[in-house]
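Enquirer: Next up is a structure, given as structure tokens.
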Amino acid sequence: MASTQLETPRDPASPTDSRAAVDAALAAAASKLARLAQLDPLLIDVSLREPCFASPLGHTLQDKLALLSLAEEFGIQDRIVATLDYQYPDQIQVEDQFCLHLRNTGYDFRRSFAASSLGSFTGGSFVPHISMVKLVEYTIPNTLHEFVLLPDAGPRPSLAAITGSIAWLRQNLPGVDGAPGRIYVNVLDLVDAFLVDPDWACEVLTLLAQAPVDGISFEDDRGTFFPFQVGATVSAAKALLRPDQLVLFHAHTGNGMENASVIEALLNGASGYWGGLTRTSSTIGHASLADLIANLVRAGNPRMNARYRVERLLPVCDAMHRINIGEPAPDDWPITGHNAYREVLSDFRQRAGRPNDLPPQSIGGTYQFRIAPVGSDVPVVVGRVKEALGIDVGPDVAQRMILLMRSDLLAGVRIHYDEPPQLRELYLRALHP
């Protein structure tokens, strides 16, 4: 039987070396936080389009006008007003109705975008995609001009189609105050392409670096990538593009890392992010502008409050979600969900002045309370009884209520104590021990 040899233990690091390693790790984190506090990202709002994609109700013209009013109230000026290249673009839809209404009523399109797709060459002549024609017809000067590098079916886009489309847009898009409109080329699957065929991805981005475009955008379209892969894609793209070209990002929910991916993209040099103010999106959600703005505020970034009405964030998001889905936002959504600021234990309260906390008052909300028989403490019970029943309850009664809930569980009884009728019954039981 072979003997087992124990590894010789390594000499421990000296206290001085260990403390130096600790200080270096903390300094690296502090440096990243300081960078977040100084960021000035380009934010493009897509609240007028993104939520309707998977909404069970869709959007009518009146819905879009109501959403536009809310977006303007919050203050983000750059916005995607329509996606003109998805699903039967040759048919007039609400997207077209909305753009025509804005055009005909004199809406200021200078900071508005619409999505468009590549044209093609037929018989040696360039033929613009119908979405490109609509951009000009609707007088929208800016576009996210999108394509995929690795289509599931059919050929990859030709370099000629890419350059031809850009040339046509530059020649035909209306200008903005005497300057050309903005063209951001949205390479939807750029992360996939770098992982699967990096030579092809580099060839296309090298081409775009020589083209008259303002930058590129890419997406985590399925929500499958890890933040470090997104960050690497930003760094790789920046290495290939001109210094004056921007790199933008958009992330859907899939693996639960969408908000972390946005932060990683920005820390790796992304110029901005586009998304809706609410999390509703074409998948099960996306990293919303509300999430990003709130997280930058918690990082100490002063530009968010200076540029946007952050104190209206929660009310605006709630109103938008009711339009999009016809009901309040899901209770357990982070930041904008109903339970995000309903305390279950007073230890969890976010307080001003503590690192990275974001009290709800700063984004237009107030603290509320919810009862959990195992988790809630006396301050939460006192708060919830006052909130739900309008009764001032003392700490002794609140403690008896907690012990009664736990006695019920010992007896195999489960009750939804947070609901006012059951809460009132629990309170009355505690009055007469």
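Here's how to read the names in the structure tokens: chain A, B, ... by the order shown, residue numbers from 1 in each chain, ligand numbers from 1 in the order shown.
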Determine, for each residue of region 231-304 of chain A having at least one atom at most 7 Å from an atom of region 32-37 of chain A, the closest pair of atoms and their separation in Å to one decimal, counting only C-alpha atoms; order by chain and ascending number, as a Markdown table.

Expert:
| residue | atom | partner | partner_atom | distance |
| --- | --- | --- | --- | --- |
| A:Leu296 | CA | A:Leu36 | CA | 6.5 |
| A:Ala299 | CA | A:Ala37 | CA | 5.5 |
| A:Gly300 | CA | A:Ala37 | CA | 5.0 |
| A:Asn301 | CA | A:Ala37 | CA | 3.9 |

Enquirer: Kindly save the residues from that selection, with N, CA, C and O atoms included, as a PDB file, in the first residue's frame.

Expert:
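And here is the file that came out, part09.pdb:
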ATOM      1  N   LEU A 296     -24.927  53.783 -10.357  1.00  0.00           N
ATOM      2  CA  LEU A 296     -23.939  54.848 -10.445  1.00  0.00           C
ATOM      3  C   LEU A 296     -24.146  55.882  -9.337  1.00  0.00           C
ATOM      4  O   LEU A 296     -23.178  56.426  -8.798  1.00  0.00           O
ATOM      5  N   ALA A 299     -22.623  54.607  -6.334  1.00  0.00           N
ATOM      6  CA  ALA A 299     -21.169  54.692  -6.426  1.00  0.00           C
ATOM      7  C   ALA A 299     -20.668  56.119  -6.207  1.00  0.00           C
ATOM      8  O   ALA A 299     -19.451  56.344  -6.223  1.00  0.00           O
ATOM      9  N   GLY A 300     -21.596  57.057  -6.023  1.00  0.00           N
ATOM     10  CA  GLY A 300     -21.204  58.440  -5.764  1.00  0.00           C
ATOM     11  C   GLY A 300     -21.049  59.291  -6.998  1.00  0.00           C
ATOM     12  O   GLY A 300     -20.411  60.345  -6.954  1.00  0.00           O
ATOM     13  N   ASN A 301     -21.644  58.856  -8.129  1.00  0.00           N
ATOM     14  CA  ASN A 301     -21.516  59.617  -9.378  1.00  0.00           C
ATOM     15  C   ASN A 301     -22.452  60.819  -9.365  1.00  0.00           C
ATOM     16  O   ASN A 301     -23.673  60.650  -9.363  1.00  0.00           O
TER      17      ASN A 301
END

Enquirer: Could you go through region 63-259 of chain A and tell me which residues DSSP, when run on the backbone, assigns to strand (DSSP E or B), listing them as a PyMOL selection string?

Expert: chain A and resi 79-83+112-117+120-122+125-127+142-147+176+179+183-187+215-220+246-252

Enquirer: Region 251-391 of chain A: which residues are alpha helix (DSSP H) by DSSP, as a PyMOL selection string?

Expert: chain A and resi 258-267+289-298+303-307+313-325+378-389

Enquirer: Leaving out Thr366 (chain A) and any residue of its chain fewer than 2 positions from it, which residues lie within 12 Å of it when counting only C-alpha atoms, given as a list in words?

Expert: Glu311, Leu314, Pro315, Thr336, His338, Asn339, Ala340, Tyr341, Arg342, Glu343, Arg349, Gln350, Leu358, Pro359, Pro360, Gln361, Ser362, Ile363, Gly364, Gln368, Phe369 and Glu387 of chain A

Enquirer: Pick from A:Thr280, A:Pro373, A:Leu207, A:Ala239: nearest to Pro328 (chain A), with only C-alpha atoms counted?

Expert: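 Between A:Thr280, A:Pro373, A:Leu207, A:Ala239, the residue approaching Pro328 (chain A) most closely is A:Thr280.
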
Enquirer: One decimal, Å: what's the distance from CA of Gln422 (chain A) over to CA of Ala372 (chain A), could you say?

Expert: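 Interatomic distance, CA of Gln422 (chain A) to CA of Ala372 (chain A): 12.5 Å.
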
Enquirer: Taking only C-alpha atoms into account, produce a table as a Markdown table in which each residue of region 116-194 of chain A with an atom at most 10 Å from an atom of region 92-108 of chain A appears once, together with its shortest atom pair and the distance in Å to one decimal, ordered by chain and rising number.

Expert:
| residue | atom | partner | partner_atom | distance |
| --- | --- | --- | --- | --- |
| A:Lys134 | CA | A:Asp96 | CA | 8.4 |
| A:Leu135 | CA | A:Cys99 | CA | 9.3 |
| A:Glu137 | CA | A:Leu100 | CA | 8.9 |
| A:Tyr138 | CA | A:Leu100 | CA | 6.2 |
| A:Thr139 | CA | A:Arg103 | CA | 7.1 |
| A:Ile140 | CA | A:Cys99 | CA | 8.6 |

Enquirer: One number please: CA of Ser376 (chain A) to CA of Leu410 (chain A), in Å, one decimal.

Expert: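 One can read the CA of Ser376 (chain A) to CA of Leu410 (chain A) distance as 16.7 Å.
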
Enquirer: Using only C-alpha atoms, which residue out of A:Leu241, A:Ala232, A:Gln171, A:Ala25 lies closest to Cys202 (chain A)?

Expert: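 Checking each candidate against Cys202 (chain A), we get A:Leu241 as the closest.
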
Enquirer: Region 290-377 of chain A near region 70-89 of chain A within 8 Å: what's each residue's closest atom pair and its distance in Å to one decimal, counting only C-alpha atoms, ordered by chain then ascending residue number, as CSV?

Expert:
residue,atom,partner,partner_atom,distance
A:Arg307,CA,A:Gly75,CA,7.0
A:Tyr308,CA,A:Gly75,CA,4.9
A:Arg309,CA,A:Phe74,CA,5.0
A:Val310,CA,A:Phe74,CA,7.3
A:Arg312,CA,A:Phe74,CA,6.6
A:Leu313,CA,A:Phe74,CA,7.1
A:Val316,CA,A:Leu70,CA,6.2
A:Ala319,CA,A:Leu70,CA,7.9
A:Met320,CA,A:Leu70,CA,7.3

Enquirer: Keeping N, CA and C atoms for every residue in the selection just given, could you write it to a file as a PDB file, in the first residue's frame?

Expert:
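That gives us again-v9.pdb:
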ATOM      1  N   ARG A 307     -28.009  65.406 -14.372  1.00  0.00           N
ATOM      2  CA  ARG A 307     -28.558  65.291 -15.722  1.00  0.00           C
ATOM      3  C   ARG A 307     -29.999  64.792 -15.751  1.00  0.00           C
ATOM      4  N   TYR A 308     -30.342  63.963 -14.796  1.00  0.00           N
ATOM      5  CA  TYR A 308     -31.646  63.305 -14.837  1.00  0.00           C
ATOM      6  C   TYR A 308     -32.408  63.566 -13.548  1.00  0.00           C
ATOM      7  N   ARG A 309     -33.715  63.408 -13.612  1.00  0.00           N
ATOM      8  CA  ARG A 309     -34.549  63.595 -12.422  1.00  0.00           C
ATOM      9  C   ARG A 309     -34.576  62.283 -11.636  1.00  0.00           C
ATOM     10  N   VAL A 310     -33.453  61.993 -11.006  1.00  0.00           N
ATOM     11  CA  VAL A 310     -33.307  60.731 -10.285  1.00  0.00           C
ATOM     12  C   VAL A 310     -34.347  60.603  -9.180  1.00  0.00           C
ATOM     13  N   ARG A 312     -37.289  61.112  -9.385  1.00  0.00           N
ATOM     14  CA  ARG A 312     -38.543  60.636  -9.980  1.00  0.00           C
ATOM     15  C   ARG A 312     -38.384  59.231 -10.557  1.00  0.00           C
ATOM     16  N   LEU A 313     -37.257  58.562 -10.295  1.00  0.00           N
ATOM     17  CA  LEU A 313     -36.983  57.291 -10.946  1.00  0.00           C
ATOM     18  C   LEU A 313     -38.047  56.241 -10.649  1.00  0.00           C
ATOM     19  N   VAL A 316     -41.645  57.094 -12.131  1.00  0.00           N
ATOM     20  CA  VAL A 316     -41.650  56.998 -13.591  1.00  0.00           C
ATOM     21  C   VAL A 316     -41.601  55.540 -14.037  1.00  0.00           C
ATOM     22  N   ALA A 319     -44.984  53.853 -13.470  1.00  0.00           N
ATOM     23  CA  ALA A 319     -45.976  54.259 -14.474  1.00  0.00           C
ATOM     24  C   ALA A 319     -45.694  53.592 -15.820  1.00  0.00           C
ATOM     25  N   MET A 320     -44.420  53.504 -16.188  1.00  0.00           N
ATOM     26  CA  MET A 320     -44.073  52.854 -17.456  1.00  0.00           C
ATOM     27  C   MET A 320     -44.455  51.384 -17.447  1.00  0.00           C
TER      28      MET A 320
END

Enquirer: Could you name the residues that touch region 416-418 of chain A at 9 Å or less, counting only C-alpha atoms, but leaving out those on the same chain fewer than 3 positions away, as a list of chain:residue names?

Expert: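 The neighbour list is A:Phe369, A:Arg370, A:Ile371, A:Ala372, A:Pro373, A:Arg384, A:Ala388, A:Met405, A:Pro421, A:Gln422, A:Leu423, A:Arg424, A:Glu425, A:Leu426.
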
Enquirer: To one decimal place, how far is CA of Ala270 (chain A) from CA of Gln229 (chain A) in Å?

Expert: 13.3 Å

Enquirer: Quick one: of A:Ser217, A:Ile293, A:Phe228, A:Ser125, who's nearest to Asn305 (chain A), counting only C-alpha atoms?

Expert: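 Checking each candidate against Asn305 (chain A), we get A:Ile293 as the closest.
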
Enquirer: From the list A:Thr224, A:Val148, A:Val344, A:Gln38, which residue is nearest Pro302 (chain A) when using only C-alpha atoms?

Expert: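 Nearest candidate to Pro302 (chain A) out of A:Thr224, A:Val148, A:Val344, A:Gln38: A:Gln38.
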